[in-house]
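Below: the structure, in structure tokens.
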Amino acid sequence: MKPSDNMAQKPATGGFAPAVQPTASTTIITDSPAIHTGETSVPSQGENMPAFFAKPQSAEGPWPVVLVVQEIFGVHEHIRDICRRLALEGYLAIAPELYFREGDPAEYNDIPTLFSELVSKVPDSQVLADLDHAANWAARNGGDIRRMGITGFCWGGRISWLYAAHNPQLRAAVAWYGRLTGERTLKQQKHPIDIAVDLNAPVLGLYGGQDEGIPLESVEQMRQALHAANAIAEIIVYPEAGHAFNADYRASYHAESANDGWQRMLAWFRQYGVASQ
């Protein structure tokens, strides 16, 4: 079943980050009475972190949990829709606002400024701790974190790799076009290639062969690091896809690759215990 089998394609109705406007005609908006969605507040490191969640409407929990990690654009409409799609599959999905302390991505109209003035200031250690607290929220609200996975996109793809080495409770991770190598800074001290040997959970990486920001050379380096570490991991490269190929609201969307990646993600979760009983 493709994501579009259970969701209508409608014109975008707002809620997308200004830095990615205008939205594409391929934008998917999931609208189903079978799910319950809402905004919540997650206590984290002495502050209240905003988050969006979605879960099945009729079935009783506990539900398997998927932490959904935002792109650089924050928890805008696309990330909320990812949560809704996962809820249709039987998951409690939660997407926390992971740089709410540093600023609001909705205040930025272009990607370079958004990255330099906001995203680059967010410490990885803070993000990983915030995700731990999001998992704790899920456990208190009908989620079964014994069946917990994580998925993230772009910025969130990189974080998904890191979280798989951070939380020993995690059962599986799926990283969509997350950067694998890069400069090390005080706020970003390690990259996925540095933690290949430390992975606690199996990771599926989904990448585009035409991605100008993530060279295939770095993907091959990551494969070699995973092999050397005897890690349970797989990296899929879609030759015709570029960066953000799952972002149906952008011109980068590549439907065939996105649909295949979605099914691979669900199968990966099922294979490693992040599925309904």
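By order in the structure tokens, chains are A, B, ...; within a chain, residues start at 1; ligands start at 1, following the order shown.
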Inset, instruction - Give the strand (DSSP E) residues of range 161-274 of chain A, as DSSP finds them on the backbone, and put them as a PyMOL selection string. - result: chain A and resi 172-176+203-208+233-238
Inset, instruction - Within 10 Å of range 73-78 of chain A, counting only C-alpha atoms, which residues show up once you throw out same-chain ones fewer than 5 positions away? Write them as a count of residues only, please. - result: 40
Inset, instruction - Using DSSP on the backbone coordinates, identify the residues of range 22-268 of chain A assigned to alpha helix (DSSP H); present them as a PyMOL selection string. - result: chain A and resi 77-88+111-117+124-140+155-166+216-228+255-268
If we count only C-alpha atoms and set the cut-off at 6 Å, which residues sit around range 167-174 of chain A, ignoring sequence neighbours fewer than 2 positions away in its own chain? Please answer as a PDB file with C-alpha atoms, in the first residue's frame.
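File produced: around_7.pdb:
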ATOM      1  CA  MET A 148       9.869   2.399  19.627  1.00  0.00           C
ATOM      2  CA  GLY A 149      11.410   3.608  16.400  1.00  0.00           C
ATOM      3  CA  ILE A 150      12.597   6.904  14.992  1.00  0.00           C
ATOM      4  CA  THR A 151      12.520   8.453  11.547  1.00  0.00           C
ATOM      5  CA  ASN A 200      22.272   0.336  19.454  1.00  0.00           C
ATOM      6  CA  ALA A 201      19.521  -0.168  16.889  1.00  0.00           C
ATOM      7  CA  PRO A 202      19.325  -1.246  13.242  1.00  0.00           C
ATOM      8  CA  VAL A 203      19.302   1.726  10.870  1.00  0.00           C
ATOM      9  CA  LEU A 204      17.913   2.008   7.354  1.00  0.00           C
ATOM     10  CA  GLY A 205      19.298   4.936   5.377  1.00  0.00           C
TER      11      GLY A 205
END
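CA of Leu266 in chain A lies 19.9 Å from CA of Ala241 in chain A.
You can rank A:Met222, A:Ala244, A:Val69, A:Ala129 by their closest distance to Thr181 in chain A using only C-alpha atoms, and at the top of that list sits A:Met222.
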Legend entry - Given only C-alpha atoms as the counted atoms, nearest of A:Leu186, A:Leu226, A:Leu180, A:Ala164 to Pro123 in chain A: A:Leu186
Inset, instruction - Mind checking which residues fall within 9 Å of Gly178 in chain A, counting only C-alpha atoms, ignoring those fewer than 5 positions away in the same chain, and posting them as a PyMOL selection string? - result: chain A and resi 152-161+192+205-207+214
Legend entry - d(CA of Arg147 in chain A, CA of Phe269 in chain A) in Å: 9.0 Å
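Among A:Trp268, A:Pro64, A:Ser32, A:Asn259, the residue with the shortest atom-to-atom distance to Arg146 in chain A, counting only C-alpha atoms, is A:Pro64.
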Legend entry - Nearest-residue call for Glu234 in chain A, choices A:Thr26, A:Asp194, A:Ala175, A:Ala165, using only C-alpha atoms: A:Ala175
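Nearest to Asn109 in chain A of all the residues A:Ala275, A:Gln21, A:Arg184, A:Ser41 is A:Gln21, based on only C-alpha atoms.
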Inset, instruction - Between CA of Val237 in chain A and CA of Ala196 in chain A, measure the distance and give it in Å to one decimal. - result: 18.3 Å
Legend entry - Counting only C-alpha atoms, the option among A:Asp144, A:Ser44, A:Glu89, A:Thr37 closest to Arg270 in chain A: A:Glu89
